[in-house]
$ cat start_37.json   # JSON, C-alpha atoms and all ligand atoms
[["chain", "number", "residue", "atom", "x", "y", "z"],
["A", 8, "MET", "CA", -3.32, -99.25, -36.89],
["A", 9, "PHE", "CA", -0.04, -97.39, -37.10],
["A", 10, "ALA", "CA", -1.74, -94.45, -38.77],
["A", 11, "SER", "CA", -4.54, -94.19, -36.16],
["A", 12, "LYS", "CA", -1.99, -94.48, -33.32],
["A", 13, "SER", "CA", 0.00, -91.56, -34.87],
["A", 14, "ILE", "CA", -3.15, -89.50, -35.19],
["A", 15, "LYS", "CA", -3.97, -90.22, -31.53],
["A", 16, "GLN", "CA", -0.43, -89.21, -30.51],
["A", 17, "ILE", "CA", -0.62, -85.99, -32.56],
["A", 18, "ALA", "CA", -4.03, -85.18, -31.05],
["A", 19, "THR", "CA", -2.65, -85.72, -27.56],
["A", 20, "ILE", "CA", 0.35, -83.45, -28.25],
["A", 21, "VAL", "CA", -1.91, -80.72, -29.73],
["A", 22, "THR", "CA", -4.22, -80.97, -26.69],
["A", 23, "VAL", "CA", -1.25, -80.62, -24.32],
["A", 24, "ILE", "CA", 0.05, -77.59, -26.25],
["A", 25, "ILE", "CA", -3.41, -75.92, -26.17],
["A", 26, "VAL", "CA", -3.70, -76.55, -22.42],
["A", 27, "LEU", "CA", -0.22, -75.08, -21.87],
["A", 28, "ILE", "CA", -1.01, -71.99, -23.96],
["A", 29, "LEU", "CA", -4.33, -71.44, -22.15],
["A", 30, "SER", "CA", -2.65, -71.76, -18.74],
["A", 31, "GLY", "CA", -0.04, -69.17, -19.82],
["A", 32, "CYS", "CA", 2.86, -71.48, -19.04],
["A", 33, "THR", "CA", 5.65, -72.42, -21.43],
["A", 34, "ALA", "CA", 9.06, -73.96, -20.78],
["A", 35, "ASN", "CA", 10.74, -70.52, -20.92],
["A", 36, "ASN", "CA", 8.17, -68.70, -18.83],
["A", 37, "MET", "CA", 9.15, -68.54, -15.13],
["A", 38, "PRO", "CA", 6.43, -67.82, -12.57],
["A", 39, "ALA", "CA", 5.87, -64.05, -12.10],
["A", 40, "ALA", "CA", 8.00, -62.47, -9.34],
["A", 41, "PRO", "CA", 6.06, -61.45, -6.23],
["A", 42, "ALA", "CA", 5.01, -57.77, -6.19],
["A", 43, "ALA", "CA", 7.28, -57.10, -3.21],
["A", 44, "ALA", "CA", 10.35, -57.85, -5.32],
["A", 45, "LYS", "CA", 9.74, -54.82, -7.57],
["A", 46, "THR", "CA", 12.41, -52.21, -7.13],
["A", 47, "GLY", "CA", 11.62, -49.44, -9.63],
["A", 48, "PRO", "CA", 9.91, -46.46, -7.96],
["A", 49, "SER", "CA", 7.52, -46.02, -10.90],
["A", 50, "ASN", "CA", 6.34, -49.65, -10.47],
["A", 51, "ASP", "CA", 5.63, -49.04, -6.79],
["A", 52, "LYS", "CA", 3.32, -46.11, -7.45],
["A", 53, "GLU", "CA", 0.08, -48.11, -7.38],
["A", 54, "ASP", "CA", 1.11, -49.87, -4.14],
["A", 55, "LEU", "CA", 1.53, -46.66, -2.12],
["A", 56, "PRO", "CA", -1.12, -44.90, -0.05],
["A", 57, "GLU", "CA", -2.77, -41.90, -1.72],
["A", 58, "GLU", "CA", -0.83, -39.23, 0.19],
["A", 59, "GLU", "CA", 2.50, -40.65, -0.98],
["A", 60, "HIS", "CA", 1.73, -40.32, -4.70],
["A", 61, "THR", "CA", 4.03, -37.55, -5.83],
["A", 62, "GLU", "CA", 5.25, -37.01, -9.35],
["A", 63, "GLY", "CA", 8.79, -38.26, -9.86],
["A", 64, "ARG", "CA", 9.50, -39.31, -6.26],
["A", 65, "SER", "CA", 6.68, -41.69, -5.45],
["A", 66, "HIS", "CA", 8.85, -43.66, -3.01],
["A", 67, "LEU", "CA", 9.30, -40.65, -0.70],
["A", 68, "PRO", "CA", 6.78, -39.58, 1.95],
["A", 69, "ALA", "CA", 5.00, -36.23, 1.65],
["A", 70, "ARG", "CA", 6.22, -35.21, 5.13],
["A", 71, "GLU", "CA", 9.36, -36.49, 6.80],
["A", 72, "GLU", "CA", 11.28, -35.53, 9.94],
["A", 73, "ILE", "CA", 15.01, -34.98, 9.37],
["A", 74, "ALA", "CA", 17.52, -35.22, 12.24],
["A", 75, "LEU", "CA", 21.10, -33.96, 12.21],
["A", 76, "ASP", "CA", 23.37, -36.76, 10.96],
["A", 77, "ALA", "CA", 26.59, -36.89, 12.99],
["A", 78, "ASP", "CA", 28.53, -37.86, 9.85],
["A", 79, "TRP", "CA", 27.68, -34.63, 8.02],
["A", 80, "LYS", "CA", 30.43, -32.01, 7.63],
["A", 81, "TYR", "CA", 30.42, -29.55, 10.58],
["A", 82, "ALA", "CA", 27.68, -31.55, 12.39],
["A", 83, "ASP", "CA", 30.03, -31.91, 15.39],
["A", 84, "MET", "CA", 30.10, -28.10, 15.75],
["A", 85, "ALA", "CA", 26.41, -27.95, 16.76],
["A", 86, "VAL", "CA", 25.68, -27.93, 20.50],
["A", 87, "ILE", "CA", 21.84, -27.94, 20.41],
["A", 88, "ASN", "CA", 21.30, -30.78, 17.99],
["A", 89, "THR", "CA", 18.53, -33.16, 19.07],
["A", 90, "GLY", "CA", 15.57, -31.58, 17.24],
["A", 91, "GLN", "CA", 14.02, -32.44, 13.90],
["A", 92, "ALA", "CA", 13.68, -30.40, 10.75],
["A", 93, "VAL", "CA", 10.71, -31.32, 8.55],
["A", 94, "MET", "CA", 10.82, -32.03, 4.82],
["A", 95, "TYR", "CA", 7.61, -31.35, 2.89],
["A", 96, "ARG", "CA", 7.37, -32.67, -0.66],
["A", 97, "THR", "CA", 5.15, -31.03, -3.21],
["A", 98, "LYS", "CA", 2.32, -33.03, -4.77],
["A", 99, "SER", "CA", 2.13, -31.39, -8.16],
["A", 100, "ASP", "CA", 4.26, -29.99, -10.99],
["A", 101, "ARG", "CA", 7.51, -31.00, -9.30],
["A", 102, "LYS", "CA", 10.56, -28.81, -9.91],
["A", 103, "ASP", "CA", 12.87, -31.15, -7.96],
["A", 104, "ILE", "CA", 14.31, -28.22, -6.00],
["A", 105, "VAL", "CA", 14.35, -28.21, -2.17],
["A", 106, "ILE", "CA", 14.09, -24.79, -0.53],
["A", 107, "GLY", "CA", 15.36, -24.62, 3.05],
["A", 108, "VAL", "CA", 13.19, -22.24, 5.08],
["A", 109, "ASN", "CA", 14.46, -21.19, 8.50],
["A", 110, "ALA", "CA", 12.08, -19.39, 10.84],
["A", 111, "GLY", "CA", 14.66, -17.38, 12.77],
["A", 112, "HIS", "CA", 15.05, -17.92, 16.56],
["A", 113, "GLY", "CA", 12.68, -20.26, 18.45],
["A", 114, "THR", "CA", 15.10, -22.43, 20.45],
["A", 115, "SER", "CA", 14.34, -21.78, 24.11],
["A", 116, "GLY", "CA", 17.49, -21.19, 26.14],
["A", 117, "GLY", "CA", 19.54, -21.01, 22.93],
["A", 118, "GLU", "CA", 21.04, -17.71, 24.06],
["A", 119, "TYR", "CA", 22.76, -19.48, 26.98],
["A", 120, "SER", "CA", 24.76, -21.86, 24.74],
["A", 121, "GLU", "CA", 27.56, -20.98, 22.34],
["A", 122, "VAL", "CA", 28.88, -22.31, 19.05],
["A", 123, "TYR", "CA", 32.15, -21.59, 17.29],
["A", 124, "CYS", "CA", 31.82, -18.60, 14.95],
["A", 125, "HIS", "CA", 33.85, -20.37, 12.26],
["A", 126, "PRO", "CA", 33.93, -24.09, 11.43],
["A", 127, "ASP", "CA", 37.76, -24.05, 11.69],
["A", 128, "ARG", "CA", 37.47, -22.52, 15.21],
["A", 129, "SER", "CA", 39.38, -19.39, 14.10],
["A", 130, "PRO", "CA", 38.43, -16.08, 15.78],
["A", 131, "LYS", "CA", 35.77, -13.73, 14.44],
["A", 132, "ILE", "CA", 37.23, -11.09, 12.13],
["A", 133, "THR", "CA", 34.60, -8.32, 12.11],
["A", 134, "LYS", "CA", 32.78, -6.73, 15.00],
["A", 135, "GLY", "CA", 29.04, -7.17, 15.42],
["A", 136, "SER", "CA", 26.90, -8.48, 18.27],
["A", 137, "ASN", "CA", 30.13, -10.25, 19.33],
["A", 138, "PRO", "CA", 33.46, -8.33, 19.18],
["A", 139, "ALA", "CA", 36.22, -9.20, 16.68],
["A", 140, "GLY", "CA", 38.47, -11.90, 18.14],
["A", 141, "SER", "CA", 35.57, -13.83, 19.70],
["A", 142, "LEU", "CA", 35.84, -17.56, 19.20],
["A", 143, "LYS", "CA", 32.19, -18.26, 19.93],
["A", 144, "ALA", "CA", 28.75, -16.75, 19.33],
["A", 145, "VAL", "CA", 25.32, -17.35, 20.88],
["A", 146, "ALA", "CA", 23.92, -20.69, 19.61],
["A", 147, "VAL", "CA", 20.46, -19.20, 18.87],
["A", 148, "SER", "CA", 19.54, -15.71, 20.03],
["A", 149, "ALA", "CA", 16.13, -15.02, 21.53],
["A", 150, "GLY", "CA", 15.14, -12.50, 18.84],
["A", 151, "MET", "CA", 13.51, -9.12, 19.24],
["A", 152, "ILE", "CA", 10.05, -8.14, 20.44],
["A", 153, "PHE", "CA", 7.57, -6.34, 18.15],
["A", 154, "ALA", "CA", 6.12, -3.00, 19.23],
["A", 155, "ASP", "CA", 2.89, -4.78, 20.26],
["A", 156, "GLY", "CA", 4.79, -7.28, 22.44],
["A", 157, "THR", "CA", 4.84, -10.20, 19.99],
["A", 158, "PRO", "CA", 8.11, -12.17, 20.00],
["A", 159, "GLU", "CA", 9.98, -12.17, 16.65],
["A", 160, "ALA", "CA", 10.10, -16.00, 16.71],
["A", 161, "ASP", "CA", 6.27, -16.16, 16.49],
["A", 162, "VAL", "CA", 6.22, -13.93, 13.42],
["A", 163, "THR", "CA", 9.11, -15.68, 11.66],
["A", 164, "LEU", "CA", 7.27, -19.00, 12.13],
["A", 165, "LEU", "CA", 4.04, -17.60, 10.63],
["A", 166, "ALA", "CA", 5.98, -16.19, 7.68],
["A", 167, "ALA", "CA", 7.89, -19.46, 7.21],
["A", 168, "GLN", "CA", 4.64, -21.45, 7.16],
["A", 169, "SER", "CA", 3.12, -19.04, 4.64],
["A", 170, "LEU", "CA", 6.27, -19.30, 2.49],
["A", 171, "ARG", "CA", 6.23, -23.11, 2.80],
["A", 172, "ASP", "CA", 2.65, -23.35, 1.55],
["A", 173, "SER", "CA", 3.31, -20.97, -1.38],
["A", 174, "LEU", "CA", 6.44, -22.90, -2.39],
["A", 175, "LEU", "CA", 4.67, -26.28, -2.21],
["A", 176, "ALA", "CA", 1.85, -24.91, -4.40],
["A", 177, "ARG", "CA", 4.45, -23.91, -7.00],
["A", 178, "GLY", "CA", 6.14, -27.32, -7.14],
["A", 179, "TYR", "CA", 9.07, -26.79, -4.76],
["A", 180, "ASP", "CA", 9.89, -29.16, -1.93],
["A", 181, "VAL", "CA", 10.43, -27.37, 1.37],
["A", 182, "LEU", "CA", 12.76, -28.20, 4.26],
["A", 183, "MET", "CA", 11.45, -26.41, 7.36],
["A", 184, "LEU", "CA", 14.39, -26.00, 9.74],
["A", 185, "ARG", "CA", 11.88, -24.95, 12.40],
["A", 186, "ASP", "CA", 8.31, -26.12, 11.94],
["A", 187, "GLU", "CA", 7.10, -25.59, 15.49],
["A", 188, "GLU", "CA", 7.29, -23.05, 18.31],
["A", 189, "ASP", "CA", 10.50, -24.49, 19.79],
["A", 190, "VAL", "CA", 13.04, -26.65, 17.97],
["A", 191, "ARG", "CA", 16.17, -28.13, 19.56],
["A", 192, "LEU", "CA", 18.45, -27.13, 16.70],
["A", 193, "ASP", "CA", 20.98, -24.29, 16.94],
["A", 194, "ASN", "CA", 22.09, -22.12, 14.04],
["A", 195, "VAL", "CA", 24.92, -24.52, 13.15],
["A", 196, "ALA", "CA", 22.62, -27.57, 13.22],
["A", 197, "ARG", "CA", 20.01, -25.81, 11.09],
["A", 198, "THR", "CA", 22.63, -24.76, 8.52],
["A", 199, "VAL", "CA", 24.23, -28.22, 8.36],
["A", 200, "ILE", "CA", 20.86, -29.95, 7.85],
["A", 201, "ALA", "CA", 20.09, -27.49, 5.05],
["A", 202, "ASN", "CA", 23.55, -28.03, 3.51],
["A", 203, "ASN", "CA", 22.77, -31.72, 3.19],
["A", 204, "LYS", "CA", 19.05, -31.73, 2.40],
["A", 205, "ALA", "CA", 18.23, -28.48, 0.58],
["A", 206, "ASP", "CA", 19.36, -26.64, -2.55],
["A", 207, "CYS", "CA", 19.30, -23.22, -0.89],
["A", 208, "LEU", "CA", 18.44, -21.69, 2.48],
["A", 209, "VAL", "CA", 16.38, -18.61, 3.29],
["A", 210, "SER", "CA", 16.34, -17.51, 6.96],
["A", 211, "LEU", "CA", 13.55, -15.14, 7.97],
["A", 212, "HIS", "CA", 14.00, -12.34, 10.52],
["A", 213, "TRP", "CA", 12.66, -8.94, 11.55],
["A", 214, "ASP", "CA", 15.27, -6.42, 12.66],
["A", 215, "GLY", "CA", 15.48, -5.23, 16.26],
["A", 216, "ASP", "CA", 16.51, -1.66, 15.46],
["A", 217, "GLY", "CA", 14.03, -0.04, 17.84],
["A", 218, "ARG", "CA", 12.70, 2.40, 15.22],
["A", 219, "SER", "CA", 9.10, 3.57, 15.43],
["A", 220, "TYR", "CA", 8.47, 3.16, 11.68],
["A", 221, "ASP", "CA", 8.73, 0.20, 9.31],
["A", 222, "LYS", "CA", 12.23, 0.36, 7.86],
["A", 223, "GLY", "CA", 11.52, -2.36, 5.26],
["A", 224, "CYS", "CA", 13.29, -5.45, 3.92],
["A", 225, "PHE", "CA", 17.01, -6.05, 3.40],
["A", 226, "TYR", "CA", 19.39, -8.97, 3.48],
["A", 227, "ILE", "CA", 22.67, -9.23, 5.40],
["A", 228, "PRO", "CA", 25.68, -8.94, 3.05],
["A", 229, "VAL", "CA", 28.78, -11.13, 3.42],
["A", 230, "PRO", "CA", 31.74, -9.23, 4.97],
["A", 231, "ASP", "CA", 34.78, -8.91, 2.67],
["A", 232, "GLU", "CA", 36.97, -10.18, 5.52],
["A", 233, "ILE", "CA", 35.54, -13.73, 5.36],
["A", 234, "LYS", "CA", 35.25, -14.10, 1.57],
["A", 235, "GLU", "CA", 38.52, -16.08, 1.43],
["A", 236, "MET", "CA", 37.49, -18.40, 4.28],
["A", 237, "GLU", "CA", 36.32, -21.98, 3.62],
["A", 238, "PRO", "CA", 33.46, -22.67, 2.82],
["A", 239, "VAL", "CA", 32.44, -19.00, 2.30],
["A", 240, "SER", "CA", 34.95, -18.56, -0.54],
["A", 241, "ARG", "CA", 33.14, -21.14, -2.68],
["A", 242, "ILE", "CA", 29.61, -19.84, -2.33],
["A", 243, "TRP", "CA", 29.37, -16.22, -1.18],
["A", 244, "GLN", "CA", 28.57, -14.85, -4.64],
["A", 245, "GLU", "CA", 25.51, -17.14, -4.70],
["A", 246, "HIS", "CA", 24.45, -15.94, -1.23],
["A", 247, "GLU", "CA", 24.38, -12.40, -2.58],
["A", 248, "ARG", "CA", 22.78, -13.29, -5.92],
["A", 249, "LEU", "CA", 19.95, -15.04, -4.04],
["A", 250, "GLY", "CA", 19.64, -12.07, -1.66],
["A", 251, "ASP", "CA", 19.47, -9.62, -4.59],
["A", 252, "GLU", "CA", 16.72, -11.66, -6.29],
["A", 253, "LEU", "CA", 14.67, -11.80, -3.07],
["A", 254, "ILE", "CA", 14.87, -8.03, -2.55],
["A", 255, "LYS", "CA", 14.04, -7.28, -6.21],
["A", 256, "ALA", "CA", 10.96, -9.50, -6.05],
["A", 257, "LEU", "CA", 9.81, -8.09, -2.69],
["A", 258, "SER", "CA", 10.11, -4.61, -4.19],
["A", 259, "LYS", "CA", 8.04, -5.65, -7.22],
["A", 260, "LYS", "CA", 5.32, -6.95, -4.88],
["A", 261, "GLY", "CA", 5.12, -3.54, -3.21],
["A", 262, "CYS", "CA", 6.94, -4.43, 0.04],
["A", 263, "ILE", "CA", 8.95, -1.64, 1.67],
["A", 264, "ILE", "CA", 12.68, -1.99, 0.93],
["A", 265, "TYR", "CA", 15.45, -0.55, 3.11],
["A", 266, "TYR", "CA", 18.19, 1.14, 1.08],
["A", 267, "GLY", "CA", 20.13, 2.72, 3.96],
["A", 268, "ARG", "CA", 23.42, 1.70, 5.53],
["A", 269, "ASN", "CA", 23.58, -2.09, 5.64],
["A", 270, "ASP", "CA", 26.52, -3.52, 7.59],
["A", 271, "PRO", "CA", 27.81, -6.93, 6.49],
["A", 272, "LEU", "CA", 27.73, -9.42, 9.39],
["A", 273, "GLU", "CA", 29.78, -12.50, 10.16],
["A", 274, "LEU", "CA", 26.73, -14.67, 10.86],
["A", 275, "THR", "CA", 26.93, -18.33, 11.87],
["A", 276, "GLN", "CA", 24.81, -19.33, 8.88],
["A", 277, "THR", "CA", 27.09, -17.46, 6.46],
["A", 278, "CYS", "CA", 30.19, -19.09, 7.96],
["A", 279, "TYR", "CA", 28.85, -22.67, 7.74],
["A", 280, "ALA", "CA", 26.65, -22.66, 4.61],
["A", 281, "THR", "CA", 27.81, -24.68, 1.60],
["A", 282, "ILE", "CA", 24.63, -23.91, -0.39],
["A", 283, "PRO", "CA", 23.25, -20.50, -1.43],
["A", 284, "ALA", "CA", 22.01, -19.07, 1.89],
["A", 285, "VAL", "CA", 20.54, -15.73, 2.88],
["A", 286, "VAL", "CA", 19.55, -14.12, 6.16],
["A", 287, "ILE", "CA", 16.79, -11.67, 5.26],
["A", 288, "GLU", "CA", 15.28, -9.05, 7.55],
["A", 289, "LEU", "CA", 11.67, -8.51, 6.48],
["A", 290, "GLY", "CA", 11.14, -5.31, 8.43],
["A", 291, "ASN", "CA", 11.43, -4.41, 12.10],
["A", 292, "GLY", "CA", 9.40, -4.17, 15.28],
["A", 293, "ALA", "CA", 7.13, -1.54, 13.74],
["A", 294, "SER", "CA", 6.22, -3.69, 10.70],
["A", 295, "SER", "CA", 2.71, -5.01, 10.18],
["A", 296, "ARG", "CA", 2.30, -8.68, 10.97],
["A", 297, "GLU", "CA", -1.23, -8.90, 9.57],
["A", 298, "ASP", "CA", -1.90, -12.10, 7.62],
["A", 299, "ALA", "CA", -2.26, -10.18, 4.33],
["A", 300, "ASP", "CA", 1.10, -8.46, 4.79],
["A", 301, "ILE", "CA", 2.86, -11.68, 5.76],
["A", 302, "ALA", "CA", 1.30, -13.36, 2.70],
["A", 303, "LYS", "CA", 2.55, -10.50, 0.48],
["A", 304, "ILE", "CA", 6.08, -10.99, 1.82],
["A", 305, "ALA", "CA", 5.86, -14.77, 1.29],
["A", 306, "ASP", "CA", 4.66, -14.17, -2.27],
["A", 307, "GLY", "CA", 7.58, -11.83, -2.92],
["A", 308, "LEU", "CA", 10.06, -14.37, -1.54],
["A", 309, "VAL", "CA", 8.62, -17.12, -3.76],
["A", 310, "HIS", "CA", 8.99, -14.91, -6.83],
["A", 311, "GLY", "CA", 12.56, -14.08, -5.81],
["A", 312, "ILE", "CA", 13.35, -17.78, -5.49],
["A", 313, "GLU", "CA", 11.78, -18.42, -8.90],
["A", 314, "SER", "CA", 13.95, -15.66, -10.42],
["A", 315, "TYR", "CA", 17.04, -17.08, -8.72],
["A", 316, "TYR", "CA", 16.38, -20.45, -10.38],
["A", 317, "GLY", "CA", 15.64, -18.72, -13.70],
["A", 318, "ARG", "CA", 11.93, -19.50, -13.94],
["A", 401, "ZN", "ZN", 16.05, -12.14, 14.12]]
$ encode --input "start_37.json" --output "structure tokens" --more "lines below"
Ligand SMILES: [Zn+2]
Amino acid sequence: MFASKSIKQIATIVTVIIVLILSGCTANNMPAAPAAAKTGPSNDKEDLPEEEHTEGRSHLPAREEIALDADWKYADMAVINTGQAVMYRTKSDRKDIVIGVNAGHGTSGGEYSEVYCHPDRSPKITKGSNPAGSLKAVAVSAGMIFADGTPEADVTLLAAQSLRDSLLARGYDVLMLRDEEDVRLDNVARTVIANNKADCLVSLHWDGDGRSYDKGCFYIPVPDEIKEMEPVSRIWQEHERLGDELIKALSKKGCIIYYGRNDPLELTQTCYATIPAVVIELGNGASSREDADIAKIADGLVHGIESYYGR
């Protein structure tokens, strides 16, 4: 009697254990956390829509509008500041480097507003489009007109878009400071957004020198007179190293390079940039703006950026 009762008890216990094992529940096994409680980006990958799957940064969208944050250093110096830059994130072979691309000009009425030349409100030291001693400069100039009547801003936007696509294809993320015909961001706002969201900044221009032949590409050097000024003192060597790499690569691609007199300019971007930043002139009003020539320039710029980052 005792023996058969024990056998019954043992059988019951074994049955209970088997049921527990089959149901996947033991005393130490808490119910699984709901999927929404996952925090690791790699765990979220399968939950995201297809277009948001990007290597290494799956939690970030492929395209994102970026406004000027009032808390950023120098943000209060911008006067045209309500527009949006656009961040594009590459989908393959990520390098985890954000290239700021600024299509020069393209803020309607920007020439009627002014920004301080220097972030510390000190007067301009060199002469240029504004005389030495000026406290303020045009917020965004209108740009020049090509020989065929095309506004510079249209061509810089085409070149910026071509550069953006080439950079994305090579695994760079791209911050477009102007991604449309007209953006409500002045030169200070564009530089400050780049300072905070990009690793370097390349601003695209064509020179308004009025010549009847294509003078070729050059970048604007930093004037000696501002090399001790904050934040220029911390970064100007990198501005020039980036500029040198861009010109070398454009030359290798067969683009015309200008080797003549090249006056350093006290540009707003140079005075406010805290990341490597270059203003590059990709020719003048006589330059070709055919798609193939713009693509060649974009290709040269990409190779220059690759050289700058040692790839
Ligand atoms: Zn320009």
$ atom_distance --input "start_37.json" --atom1 "atom CA of Leu208 of chain A" --atom2 "atom CA of Asn109 of chain A"
7.2 Å
$ residues_near_ligand --input "start_37.json" --ligand "ligand ZN 401 (chain A)" --cutoff "12 Å" --atoms "all atoms listed in the file" --output "PDB file with C-alpha atoms, in the frame of the given file"
ATOM      1  CA  ASN A 109      14.460 -21.190   8.500  1.00  0.00           C
ATOM      2  CA  ALA A 110      12.080 -19.390  10.840  1.00  0.00           C
ATOM      3  CA  GLY A 111      14.660 -17.380  12.770  1.00  0.00           C
ATOM      4  CA  HIS A 112      15.050 -17.920  16.560  1.00  0.00           C
ATOM      5  CA  GLY A 113      12.680 -20.260  18.450  1.00  0.00           C
ATOM      6  CA  VAL A 147      20.460 -19.200  18.870  1.00  0.00           C
ATOM      7  CA  SER A 148      19.540 -15.710  20.030  1.00  0.00           C
ATOM      8  CA  ALA A 149      16.130 -15.020  21.530  1.00  0.00           C
ATOM      9  CA  GLY A 150      15.140 -12.500  18.840  1.00  0.00           C
ATOM     10  CA  MET A 151      13.510  -9.120  19.240  1.00  0.00           C
ATOM     11  CA  ILE A 152      10.050  -8.140  20.440  1.00  0.00           C
ATOM     12  CA  PHE A 153       7.570  -6.340  18.150  1.00  0.00           C
ATOM     13  CA  PRO A 158       8.110 -12.170  20.000  1.00  0.00           C
ATOM     14  CA  GLU A 159       9.980 -12.170  16.650  1.00  0.00           C
ATOM     15  CA  ALA A 160      10.100 -16.000  16.710  1.00  0.00           C
ATOM     16  CA  ASP A 161       6.270 -16.160  16.490  1.00  0.00           C
ATOM     17  CA  VAL A 162       6.220 -13.930  13.420  1.00  0.00           C
ATOM     18  CA  THR A 163       9.110 -15.680  11.660  1.00  0.00           C
ATOM     19  CA  LEU A 164       7.270 -19.000  12.130  1.00  0.00           C
ATOM     20  CA  ASN A 194      22.090 -22.120  14.040  1.00  0.00           C
ATOM     21  CA  SER A 210      16.340 -17.510   6.960  1.00  0.00           C
ATOM     22  CA  LEU A 211      13.550 -15.140   7.970  1.00  0.00           C
ATOM     23  CA  HIS A 212      14.000 -12.340  10.520  1.00  0.00           C
ATOM     24  CA  TRP A 213      12.660  -8.940  11.550  1.00  0.00           C
ATOM     25  CA  ASP A 214      15.270  -6.420  12.660  1.00  0.00           C
ATOM     26  CA  GLY A 215      15.480  -5.230  16.260  1.00  0.00           C
ATOM     27  CA  ASP A 216      16.510  -1.660  15.460  1.00  0.00           C
ATOM     28  CA  TYR A 226      19.390  -8.970   3.480  1.00  0.00           C
ATOM     29  CA  ILE A 227      22.670  -9.230   5.400  1.00  0.00           C
ATOM     30  CA  LEU A 274      26.730 -14.670  10.860  1.00  0.00           C
ATOM     31  CA  VAL A 286      19.550 -14.120   6.160  1.00  0.00           C
ATOM     32  CA  ILE A 287      16.790 -11.670   5.260  1.00  0.00           C
ATOM     33  CA  GLU A 288      15.280  -9.050   7.550  1.00  0.00           C
ATOM     34  CA  LEU A 289      11.670  -8.510   6.480  1.00  0.00           C
ATOM     35  CA  GLY A 290      11.140  -5.310   8.430  1.00  0.00           C
ATOM     36  CA  ASN A 291      11.430  -4.410  12.100  1.00  0.00           C
ATOM     37  CA  GLY A 292       9.400  -4.170  15.280  1.00  0.00           C
TER      38      GLY A 292
END
$ atom_distance --input "start_37.json" --atom1 "atom CA of Ala92 of chain A" --atom2 "atom CA of Glu72 of chain A"
5.7 Å
$ residues_around --input "start_37.json" --residues "Ser258 of chain A" --least-positions-apart "5" --cutoff "10 Å" --atoms "all atoms listed in the file" --output "list in words"
Gly223, Cys224, Glu252, Leu253, Ile263, Ile264, Tyr265, Ile304, Gly307 and Gly311 of chain A
$ closest_residue --input "start_37.json" --among "A:Val239, A:Ser120, A:Pro230, A:Leu165" --to "Ile301 of chain A" --atoms "only C-alpha atoms"
A:Leu165
$ residues_around --input "start_37.json" --residues "Val181 of chain A" --least-positions-apart "6" --cutoff "8 Å" --atoms "only C-alpha atoms" --output "ChimeraX atom specification"
/A:94-97,105-108,171,174-175,205
$ closest_residue --input "start_37.json" --among "A:Gly178, A:Asp206, A:Tyr315, A:Leu67" --to "Asp251 of chain A" --atoms "only C-alpha atoms"
A:Tyr315
$ closest_residue --input "start_37.json" --among "A:Ser115, A:Gly140, A:Ala176, A:Thr281" --to "Lys102 of chain A" --atoms "only C-alpha atoms"
A:Ala176
